[in-house]
Every structure is written in structure tokens, then in C-alpha cells.
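*Asks:* The file below is query.cif, mmCIF, C-alpha atoms (C1' of nucleotides):
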data_start
#
loop_
_atom_site.label_atom_id
_atom_site.label_comp_id
_atom_site.auth_asym_id
_atom_site.auth_seq_id
_atom_site.Cartn_x
_atom_site.Cartn_y
_atom_site.Cartn_z
CA MET R 1 0.00 0.00 0.00
CA PHE R 2 2.59 2.55 1.05
CA GLY R 3 4.72 1.72 -1.97
CA SER R 4 2.10 2.24 -4.64
CA TYR R 5 0.94 5.35 -2.82
CA ILE R 6 4.27 7.13 -3.05
CA ARG R 7 5.04 5.77 -6.50
CA LYS R 8 1.90 7.44 -7.77
CA LEU R 9 2.82 10.68 -5.98
CA ARG R 10 6.31 10.58 -7.42
CA LYS R 11 5.08 10.08 -10.99
CA GLU R 12 2.62 12.94 -10.57
CA ARG R 13 5.59 15.11 -9.64
CA GLY R 14 7.44 13.91 -12.76
CA LEU R 15 10.31 12.72 -10.60
CA SER R 16 12.57 9.77 -11.33
CA LEU R 17 13.14 7.16 -8.67
CA ARG R 18 16.79 8.11 -8.54
CA LYS R 19 16.07 11.79 -8.10
CA LEU R 20 13.74 11.00 -5.25
CA ALA R 21 16.32 8.73 -3.67
CA GLU R 22 18.96 11.44 -3.93
CA ALA R 23 16.70 14.11 -2.45
CA VAL R 24 15.80 11.77 0.40
CA THR R 25 19.40 10.58 0.75
CA VAL R 26 18.80 6.86 0.47
CA GLU R 27 19.86 4.28 -2.12
CA PRO R 28 17.81 4.09 -5.33
CA SER R 29 17.44 0.33 -4.95
CA TYR R 30 15.86 0.95 -1.57
CA ILE R 31 13.23 3.29 -3.01
CA SER R 32 12.61 0.74 -5.73
CA LYS R 33 11.89 -1.95 -3.16
CA VAL R 34 9.82 0.38 -1.01
CA GLU R 35 7.66 1.43 -3.96
CA ARG R 36 6.92 -2.17 -4.85
CA ASP R 37 6.21 -3.03 -1.19
CA LEU R 38 8.96 -5.61 -1.16
CA VAL R 39 10.11 -4.19 2.16
CA ALA R 40 8.36 -2.53 5.07
CA PRO R 41 7.72 1.21 4.90
CA PRO R 42 10.74 3.38 5.81
CA SER R 43 11.41 4.85 9.22
CA GLU R 44 9.54 7.88 10.51
CA GLU R 45 12.44 10.17 9.64
CA THR R 46 12.72 8.87 6.10
CA ILE R 47 8.98 9.10 5.52
CA LYS R 48 9.07 12.71 6.70
CA ARG R 49 11.83 13.53 4.22
CA ILE R 50 9.83 11.83 1.48
CA SER R 51 6.78 13.89 2.43
CA GLU R 52 8.79 17.09 2.01
CA VAL R 53 10.21 16.14 -1.35
CA LEU R 54 6.83 15.00 -2.64
CA GLU R 55 5.04 17.91 -0.95
CA HIS R 56 2.51 15.71 0.74
CA ASP R 57 1.07 15.87 4.28
CA ALA R 58 3.51 14.09 6.59
CA ASP R 59 0.86 12.81 9.02
CA VAL R 60 -1.04 11.21 6.16
CA LEU R 61 2.05 9.66 4.63
CA LEU R 62 3.12 8.32 8.02
CA ALA R 63 -0.35 6.88 8.52
CA VAL R 64 -0.23 5.15 5.15
CA GLY R 65 3.05 3.69 6.35
CA GLY R 66 1.36 2.55 9.57
CA LYS R 67 3.18 5.06 11.76
CA ILE R 68 2.42 8.04 13.96
CA SER R 69 4.52 11.17 14.24
CA SER R 70 6.63 11.14 17.38
CA ASP R 71 5.36 14.54 18.52
CA LEU R 72 1.82 13.10 18.62
CA ARG R 73 3.11 10.07 20.49
CA GLN R 74 4.81 12.29 23.03
CA ALA R 75 1.67 14.35 23.55
CA ILE R 76 -0.35 11.20 24.25
CA ILE R 77 2.29 9.70 26.50
CA LYS R 78 2.50 12.84 28.63
CA ARG R 79 -1.24 12.81 29.36
CA PRO R 80 -2.34 9.25 28.69
CA GLU R 81 -5.62 9.30 30.61
CA LEU R 82 -6.79 12.43 28.88
CA PHE R 83 -5.78 11.49 25.35
CA SER R 84 -6.77 7.84 25.55
CA ARG R 85 -10.26 8.85 26.60
CA LEU R 86 -10.41 11.61 24.03
CA ILE R 87 -9.35 9.39 21.13
CA ARG R 88 -11.73 6.59 22.07
CA VAL R 89 -14.67 8.93 22.52
CA VAL R 90 -13.99 10.79 19.30
CA ASN R 91 -13.53 7.52 17.46
CA GLU R 92 -17.16 6.66 18.26
CA ALA R 93 -18.49 10.07 17.33
CA PRO R 94 -19.51 10.97 13.76
CA GLU R 95 -16.82 12.86 11.92
CA ASP R 96 -18.78 16.02 11.11
CA LEU R 97 -19.47 16.53 14.78
CA VAL R 98 -15.81 16.18 15.62
CA VAL R 99 -14.82 18.61 12.92
CA ARG R 100 -17.20 21.16 14.38
CA ILE R 101 -15.77 20.71 17.85
CA LEU R 102 -12.28 21.06 16.49
CA GLY R 103 -13.11 24.29 14.76
CA GLU R 104 -14.64 25.77 17.85
CA VAL R 105 -11.80 24.77 20.10
CA GLN R 106 -9.36 26.26 17.64
CA ASP R 107 -11.31 29.49 17.35
CA GLY R 108 -11.18 29.92 21.10
CA GLU R 109 -14.94 29.82 21.38
CA TRP R 110 -14.59 28.11 24.68
CA MET J 1 11.29 4.89 35.16
CA PHE J 2 9.01 2.06 34.09
CA GLY J 3 10.89 -0.37 36.28
CA SER J 4 10.65 1.53 39.54
CA TYR J 5 7.04 2.34 38.71
CA ILE J 6 5.91 -1.27 38.54
CA ARG J 7 8.19 -2.39 41.34
CA LYS J 8 6.38 0.05 43.62
CA LEU J 9 3.00 -1.18 42.38
CA ARG J 10 4.01 -4.77 42.90
CA LYS J 11 5.16 -4.17 46.48
CA GLU J 12 1.94 -2.32 47.23
CA ARG J 13 0.10 -5.45 46.11
CA GLY J 14 2.31 -7.55 48.38
CA LEU J 15 3.36 -9.67 45.43
CA SER J 16 6.72 -11.36 45.00
CA LEU J 17 8.68 -10.85 41.81
CA ARG J 18 8.31 -14.52 41.03
CA LYS J 19 4.56 -14.52 41.55
CA LEU J 20 4.25 -11.58 39.22
CA ALA J 21 6.43 -13.28 36.64
CA GLU J 22 4.33 -16.42 36.81
CA ALA J 23 1.05 -14.53 36.49
CA VAL J 24 2.44 -12.62 33.51
CA THR J 25 4.08 -15.78 32.11
CA VAL J 26 7.60 -14.49 31.76
CA GLU J 27 10.85 -15.45 33.45
CA PRO J 28 11.51 -14.05 36.94
CA SER J 29 14.95 -12.84 35.88
CA TYR J 30 13.29 -10.82 33.16
CA ILE J 31 10.99 -9.05 35.62
CA SER J 32 14.00 -8.44 37.82
CA LYS J 33 15.82 -6.70 34.99
CA VAL J 34 12.74 -4.79 33.91
CA GLU J 35 12.13 -3.51 37.42
CA ARG J 36 15.68 -2.21 37.70
CA ASP J 37 15.48 -0.67 34.22
CA LEU J 38 18.38 -2.76 33.00
CA VAL J 39 16.38 -3.52 29.87
CA ALA J 40 13.80 -1.64 27.86
CA PRO J 41 10.17 -1.84 28.94
CA PRO J 42 8.35 -5.00 27.83
CA SER J 43 6.21 -5.31 24.73
CA GLU J 44 2.71 -3.89 24.56
CA GLU J 45 1.18 -7.32 25.16
CA THR J 46 3.34 -7.99 28.20
CA ILE J 47 2.66 -4.56 29.66
CA LYS J 48 -1.07 -5.17 29.27
CA ARG J 49 -0.81 -8.45 31.14
CA ILE J 50 1.17 -6.71 33.88
CA SER J 51 -1.51 -4.03 34.10
CA GLU J 52 -4.15 -6.70 34.68
CA VAL J 53 -2.20 -8.51 37.35
CA LEU J 54 -1.32 -5.27 39.14
CA GLU J 55 -4.79 -3.84 38.54
CA HIS J 56 -3.50 -0.64 37.06
CA ASP J 57 -4.75 1.39 34.10
CA ALA J 58 -3.23 -0.12 30.95
CA ASP J 59 -3.00 3.15 29.01
CA VAL J 60 -1.07 4.75 31.85
CA LEU J 61 1.27 1.80 32.26
CA LEU J 62 1.89 1.70 28.51
CA ALA J 63 2.60 5.43 28.56
CA VAL J 64 5.10 5.03 31.38
CA GLY J 65 6.72 2.41 29.17
CA GLY J 66 6.77 4.90 26.30
CA LYS J 67 4.12 3.05 24.28
CA ILE J 68 0.62 3.61 22.98
CA SER J 69 -2.12 1.00 22.85
CA SER J 70 -2.53 -0.40 19.35
CA ASP J 71 -6.25 0.38 19.25
CA LEU J 72 -5.44 4.06 19.71
CA ARG J 73 -2.78 3.83 17.02
CA GLN J 74 -5.26 2.25 14.64
CA ALA J 75 -7.83 4.94 15.29
CA ILE J 76 -5.31 7.65 14.49
CA ILE J 77 -4.00 5.88 11.42
CA LYS J 78 -7.48 5.47 9.97
CA ARG J 79 -8.21 9.20 10.17
CA PRO J 80 -4.80 10.85 10.36
CA GLU J 81 -5.81 14.37 9.35
CA LEU J 82 -8.59 14.50 11.91
CA PHE J 83 -6.67 13.03 14.82
CA SER J 84 -3.38 14.76 14.12
CA ARG J 85 -5.13 18.11 14.17
CA LEU J 86 -7.19 17.19 17.20
CA ILE J 87 -4.22 16.05 19.25
CA ARG J 88 -2.12 19.09 18.37
CA VAL J 89 -4.93 21.52 19.12
CA VAL J 90 -5.82 19.86 22.40
CA ASN J 91 -2.19 19.70 23.38
CA GLU J 92 -2.09 23.50 23.33
CA ALA J 93 -5.35 23.89 25.24
CA PRO J 94 -5.48 23.94 29.05
CA GLU J 95 -6.48 20.61 30.53
CA ASP J 96 -9.62 21.70 32.37
CA LEU J 97 -11.06 23.02 29.14
CA VAL J 98 -10.38 19.75 27.38
CA VAL J 99 -11.97 17.77 30.16
CA ARG J 100 -15.11 19.88 29.79
CA ILE J 101 -15.19 19.27 26.04
CA LEU J 102 -14.74 15.57 26.62
CA GLY J 103 -17.63 15.42 29.01
CA GLU J 104 -19.94 17.24 26.67
CA VAL J 105 -19.02 15.12 23.67
CA GLN J 106 -19.62 12.02 25.73
CA ASP J 107 -22.96 13.26 27.00
CA GLY J 108 -24.10 13.86 23.46
CA GLU J 109 -24.67 17.52 24.15
CA TRP J 110 -23.61 18.29 20.65
"C1'" DT U 1 20.01 -27.69 59.19
"C1'" DG U 2 17.86 -28.46 55.27
"C1'" DT U 3 14.55 -26.57 52.09
"C1'" DA U 4 11.66 -23.20 50.25
"C1'" DG U 5 11.27 -18.76 48.52
"C1'" DT U 6 13.53 -14.34 47.38
"C1'" DG U 7 15.96 -11.49 43.98
"C1'" DT U 8 19.93 -11.29 40.70
"C1'" DG U 9 24.03 -12.24 37.13
"C1'" DT U 10 25.62 -14.04 32.80
"C1'" DA U 11 25.11 -15.90 28.41
"C1'" DT U 12 22.47 -16.60 24.55
"C1'" DT U 13 18.78 -16.29 21.01
"C1'" DA U 14 15.14 -15.42 17.40
"C1'" DC U 15 13.21 -12.06 14.87
"C1'" DA U 16 12.36 -7.36 13.18
"C1'" DT U 17 13.95 -2.90 11.48
"C1'" DA U 18 16.13 -0.07 8.29
"C1'" DG U 19 18.69 0.18 5.46
"C1'" DT U 20 23.75 -0.14 2.11
"C1'" DA U 21 26.57 -1.73 -1.87
"C1'" DC U 22 27.04 -2.97 -6.28
"C1'" DA U 23 26.10 -5.16 -10.48
"C1'" DC U 24 22.83 -5.65 -14.19
"C1'" DA U 25 19.46 -4.95 -18.19
"C1'" DA U 26 16.31 -2.11 -20.71
"C1'" DA U 27 15.09 2.25 -22.55
"C1'" DT U 28 16.41 7.14 -24.02
"C1'" DG U 29 19.04 10.66 -25.92
"C1'" DT U 30 22.44 12.50 -29.29
"C1'" DA S 1 27.08 3.53 -31.97
"C1'" DC S 2 27.74 5.29 -27.38
"C1'" DA S 3 26.75 7.29 -23.04
"C1'" DT S 4 23.26 8.20 -19.80
"C1'" DT S 5 19.46 7.45 -17.29
"C1'" DT S 6 16.05 4.32 -15.56
"C1'" DG S 7 14.42 0.78 -12.63
"C1'" DT S 8 15.63 -3.67 -10.54
"C1'" DG S 9 18.01 -8.13 -8.41
"C1'" DT S 10 21.04 -10.16 -5.02
"C1'" DA S 11 23.72 -10.25 -1.06
"C1'" DC S 12 24.89 -8.46 3.09
"C1'" DT S 13 24.87 -5.80 7.63
"C1'" DA S 14 24.22 -3.19 11.96
"C1'" DT S 15 21.18 -2.23 15.51
"C1'" DG S 16 17.13 -2.86 18.25
"C1'" DT S 17 13.44 -5.68 20.44
"C1'" DA S 18 11.87 -8.96 23.52
"C1'" DA S 19 12.71 -12.05 25.63
"C1'" DT S 20 14.65 -17.42 27.60
"C1'" DA S 21 17.59 -20.55 30.36
"C1'" DC S 22 20.03 -21.60 34.15
"C1'" DA S 23 23.03 -20.99 37.87
"C1'" DC S 24 23.95 -18.41 42.04
"C1'" DA S 25 23.58 -16.23 46.73
"C1'" DC S 26 20.90 -14.62 50.46
"C1'" DT S 27 17.06 -14.82 53.79
"C1'" DA S 28 13.30 -17.03 56.39
"C1'" DC S 29 11.38 -20.66 58.87
"C1'" DA S 30 10.14 -25.01 60.92
#
Just give me the structure of the file as C-alpha cells.
*Replies:*
Amino acid sequence: MFGSYIRKLRKERGLSLRKLAEAVTVEPSYISKVERDLVAPPSEETIKRISEVLEHDADVLLAVGGKISSDLRQAIIKRPELFSRLIRVVNEAPEDLVVRILGEVQDGEW
Amino acid sequence: MFGSYIRKLRKERGLSLRKLAEAVTVEPSYISKVERDLVAPPSEETIKRISEVLEHDADVLLAVGGKISSDLRQAIIKRPELFSRLIRVVNEAPEDLVVRILGEVQDGEW
DNA sequence: TGTAGTGTGTATTACATAGTACACAAATGT
DNA sequence: ACATTTGTGTACTATGTAATACACACTACA
């Protein structure tokens, strides 16, 4: 999944596999294997560099690779009761509702 | 950190290291090393078993061990834009405010 | 004074993670 | 025709993760 996802992105950017590899500072053969899903998705750091080169949301790319950004992990780990509850509750709630809450929290309407 | 944390819990429960090890189905020497932080915290599965035996919140124990429950990870990974934003926004907000939001979302007051 | 239970030390292991290094073949450009 | 670029195949490696296995020494206790 991750492989085909970034291969498509790369082609849309008109970038060769080798150019991507160079920009990300990994071996071309590694990108080749990654794009065909012959190996597991790269590390968090490498995925983040890929997201910059391909100009794609890092959180989404990490998620496609089955990972979570370490700053999110740290936030959760620092207040586990709060965030565990929050995530589980929100996960049950319909998305549009959550989006509305988010907007209001952000706008300081509380 | 994790080690001293569970050692304290275990003593409070009046449990011997070996009894804990047996209940968790790992080697006593392993628990010994874990409790003195000579090795990294156990796997998610093992921490969850420890949390049951010691009757302590699993999310908190996982967090002390630097981990996040896989069900939370899956929730985030399925809707990365939503949850990444949510976590970052909430992380900036004061806790009491977040707790109030949580309560209201739960109570279906939206 | 054994023997049962306590915690610990040392050595080892299986598997996963995250890649590198380098050679090769096909297509493209000039 | 030749050089360059493109993607790929094969082999190898270093580090981390998550433990096991077993022997040892100390304390309690009956």
C-alpha cells in the first residue's frame, strides 16, 4: 500500500526514482523496493523527508506507512488518561461533529 | 522509570517478583531486569498483562513504558488528518477546558 | 540444618527494522 | 554507436526488540 501510494505521488511530480532517492538521501534500490512493497515502509524520519520532497502531508504519509509522528506520540504519553479517553470517545463520534468541535476549540470559542 | 514504577506497584500489592512473573508468564529474571530498568520496557502485550495482574490502568502503564495501545494507534492511522489536528490543538489547550469538552461530547450535548 | 522462597548475574537467542553496496538490463538521448 | 538514465536483483549488515535458560547467593522458617 505505502509503496504504490508514493510511487503514484512521485510520478505525478514527474520525478525519477533516482532523483527522489537522492533528495531523500537513500539508495535508489531501496526506493525501488519500497515502492513495490517488497520491504516494510521506511522509518519515521525517512517518511518525513519523502513527504517534504513530494510535498505531501507528513501525518497522512506516516499513517499510510502505519506510523504516527513522534510529537503526537509524546503528547499522548505525557497525558495518557486524557488522550486515551479523548481518542476513544472521538472515534465513536460521527466525523462532522468532531470537525465542528475542532473548529470551535481552535477558534477559542470556549 | 518504568521499572521503579511497577516495582512500587508490585510491592503495594504484596506480590513477589516470582509470583508476578508467573502470572504474567515471563521469566523471573526478566521481571528483575525490567524492574531495575536494566532492559527496555516489555512489549505492549506484556505490559497489558502486567496491568491486569497489578490492577493498574493499561494506558497509563503503557505510557510510562513509552508506548501507545494499538487500538489508539489504529484509530489515528485510519483518520490521520482528523486526529493529528485534534491532538495538536488539544495539546495546546489547558487541561480543564479539554476535560469539559470531553464530558460534553460524551454526554451527546452536541 | 535443610529446604523453600527471594531477587539477581551471565550468556544466549530469534526475529524485526532499516537500510547499504554494487552489479545488471532495458530504454532514451544524441 | 555510445553514453546516460532508468528501474531492478542479489547479497549483506548493523542495531534494536523482547525475551529465555540456568546458575547463584541470600534470607526465612520449621
*Asks:* Return the neighbours of chain R among the residues of chain J, cut-off 10 Å, counting all atoms listed in the file, as a VMD selection string.
*Replies:* chain J and resid 57 to 69 71 to 93 95 97 to 103 105 to 106 108 110
*Asks:* Now that the selection is made, can you save its residues with C-alpha atoms as a tab-separated table (two decimals), keeping the file's coordinate frame?
*Replies:*
chain	number	residue	atom	x	y	z
J	57	ASP	CA	-4.75	1.39	34.10
J	58	ALA	CA	-3.23	-0.12	30.95
J	59	ASP	CA	-3.00	3.15	29.01
J	60	VAL	CA	-1.07	4.75	31.85
J	61	LEU	CA	1.27	1.80	32.26
J	62	LEU	CA	1.89	1.70	28.51
J	63	ALA	CA	2.60	5.43	28.56
J	64	VAL	CA	5.10	5.03	31.38
J	65	GLY	CA	6.72	2.41	29.17
J	66	GLY	CA	6.77	4.90	26.30
J	67	LYS	CA	4.12	3.05	24.28
J	68	ILE	CA	0.62	3.61	22.98
J	69	SER	CA	-2.12	1.00	22.85
J	71	ASP	CA	-6.25	0.38	19.25
J	72	LEU	CA	-5.44	4.06	19.71
J	73	ARG	CA	-2.78	3.83	17.02
J	74	GLN	CA	-5.26	2.25	14.64
J	75	ALA	CA	-7.83	4.94	15.29
J	76	ILE	CA	-5.31	7.65	14.49
J	77	ILE	CA	-4.00	5.88	11.42
J	78	LYS	CA	-7.48	5.47	9.97
J	79	ARG	CA	-8.21	9.20	10.17
J	80	PRO	CA	-4.80	10.85	10.36
J	81	GLU	CA	-5.81	14.37	9.35
J	82	LEU	CA	-8.59	14.50	11.91
J	83	PHE	CA	-6.67	13.03	14.82
J	84	SER	CA	-3.38	14.76	14.12
J	85	ARG	CA	-5.13	18.11	14.17
J	86	LEU	CA	-7.19	17.19	17.20
J	87	ILE	CA	-4.22	16.05	19.25
J	88	ARG	CA	-2.12	19.09	18.37
J	89	VAL	CA	-4.93	21.52	19.12
J	90	VAL	CA	-5.82	19.86	22.40
J	91	ASN	CA	-2.19	19.70	23.38
J	92	GLU	CA	-2.09	23.50	23.33
J	93	ALA	CA	-5.35	23.89	25.24
J	95	GLU	CA	-6.48	20.61	30.53
J	97	LEU	CA	-11.06	23.02	29.14
J	98	VAL	CA	-10.38	19.75	27.38
J	99	VAL	CA	-11.97	17.77	30.16
J	100	ARG	CA	-15.11	19.88	29.79
J	101	ILE	CA	-15.19	19.27	26.04
J	102	LEU	CA	-14.74	15.57	26.62
J	103	GLY	CA	-17.63	15.42	29.01
J	105	VAL	CA	-19.02	15.12	23.67
J	106	GLN	CA	-19.62	12.02	25.73
J	108	GLY	CA	-24.10	13.86	23.46
J	110	TRP	CA	-23.61	18.29	20.65
*Asks:* Just so the selection is clear, what residues does the PyMOL selection byres ((chain R) within 12 of (chain U)) cover here, as a ChimeraX atom specification?
*Replies:* /R:25-31,33-34,39-47
*Asks:* Based on the selection just made, write C-alpha atoms of those residues as a PDB file, keeping the file's coordinate frame.
*Replies:*
ATOM      1  CA  THR R  25      19.400  10.580   0.750  1.00  0.00           C
ATOM      2  CA  VAL R  26      18.800   6.860   0.470  1.00  0.00           C
ATOM      3  CA  GLU R  27      19.860   4.280  -2.120  1.00  0.00           C
ATOM      4  CA  PRO R  28      17.810   4.090  -5.330  1.00  0.00           C
ATOM      5  CA  SER R  29      17.440   0.330  -4.950  1.00  0.00           C
ATOM      6  CA  TYR R  30      15.860   0.950  -1.570  1.00  0.00           C
ATOM      7  CA  ILE R  31      13.230   3.290  -3.010  1.00  0.00           C
ATOM      8  CA  LYS R  33      11.890  -1.950  -3.160  1.00  0.00           C
ATOM      9  CA  VAL R  34       9.820   0.380  -1.010  1.00  0.00           C
ATOM     10  CA  VAL R  39      10.110  -4.190   2.160  1.00  0.00           C
ATOM     11  CA  ALA R  40       8.360  -2.530   5.070  1.00  0.00           C
ATOM     12  CA  PRO R  41       7.720   1.210   4.900  1.00  0.00           C
ATOM     13  CA  PRO R  42      10.740   3.380   5.810  1.00  0.00           C
ATOM     14  CA  SER R  43      11.410   4.850   9.220  1.00  0.00           C
ATOM     15  CA  GLU R  44       9.540   7.880  10.510  1.00  0.00           C
ATOM     16  CA  GLU R  45      12.440  10.170   9.640  1.00  0.00           C
ATOM     17  CA  THR R  46      12.720   8.870   6.100  1.00  0.00           C
ATOM     18  CA  ILE R  47       8.980   9.100   5.520  1.00  0.00           C
TER      19      ILE R  47
END
*Asks:* Identify all residues satisfying the PyMOL selection byres ((chain S and resi 7) around 8) in the given file; provide them as a list in words.
*Replies:*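 Listing what the PyMOL selection byres ((chain S and resi 7) around 8) selects in the shown file: Leu17 and Ser32 of chain R; DT6 and DT8 of chain S.
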*Asks:* As an exercise, work out the distance from atom CA of J:Val24 to atom CA of J:Lys48 in Å and give it to one decimal place.
*Replies:* 9.3 Å
*Asks:* Take the PyMOL selection byres ((chain S) within 12 of (chain J)), run it mentally on this structure, and tell me the resulting residues as a list in words.
*Replies:* DG16, DT17, DA18, DA19, DT20, DA21, DC22 and DA23 of chain S
*Asks:* Quick one, how far is atom CA of R:Val53 from atom C1' of S:DA14?
*Replies:*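 Atom C1' of S:DA14 lies 27.3 Å from atom CA of R:Val53.
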*Asks:* So what do you get for atom CA of R:Arg18 versus atom C1' of S:DT5, distance-wise?
*Replies:*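 If I compute the distance from atom CA of R:Arg18 to atom C1' of S:DT5, I get 9.2 Å.
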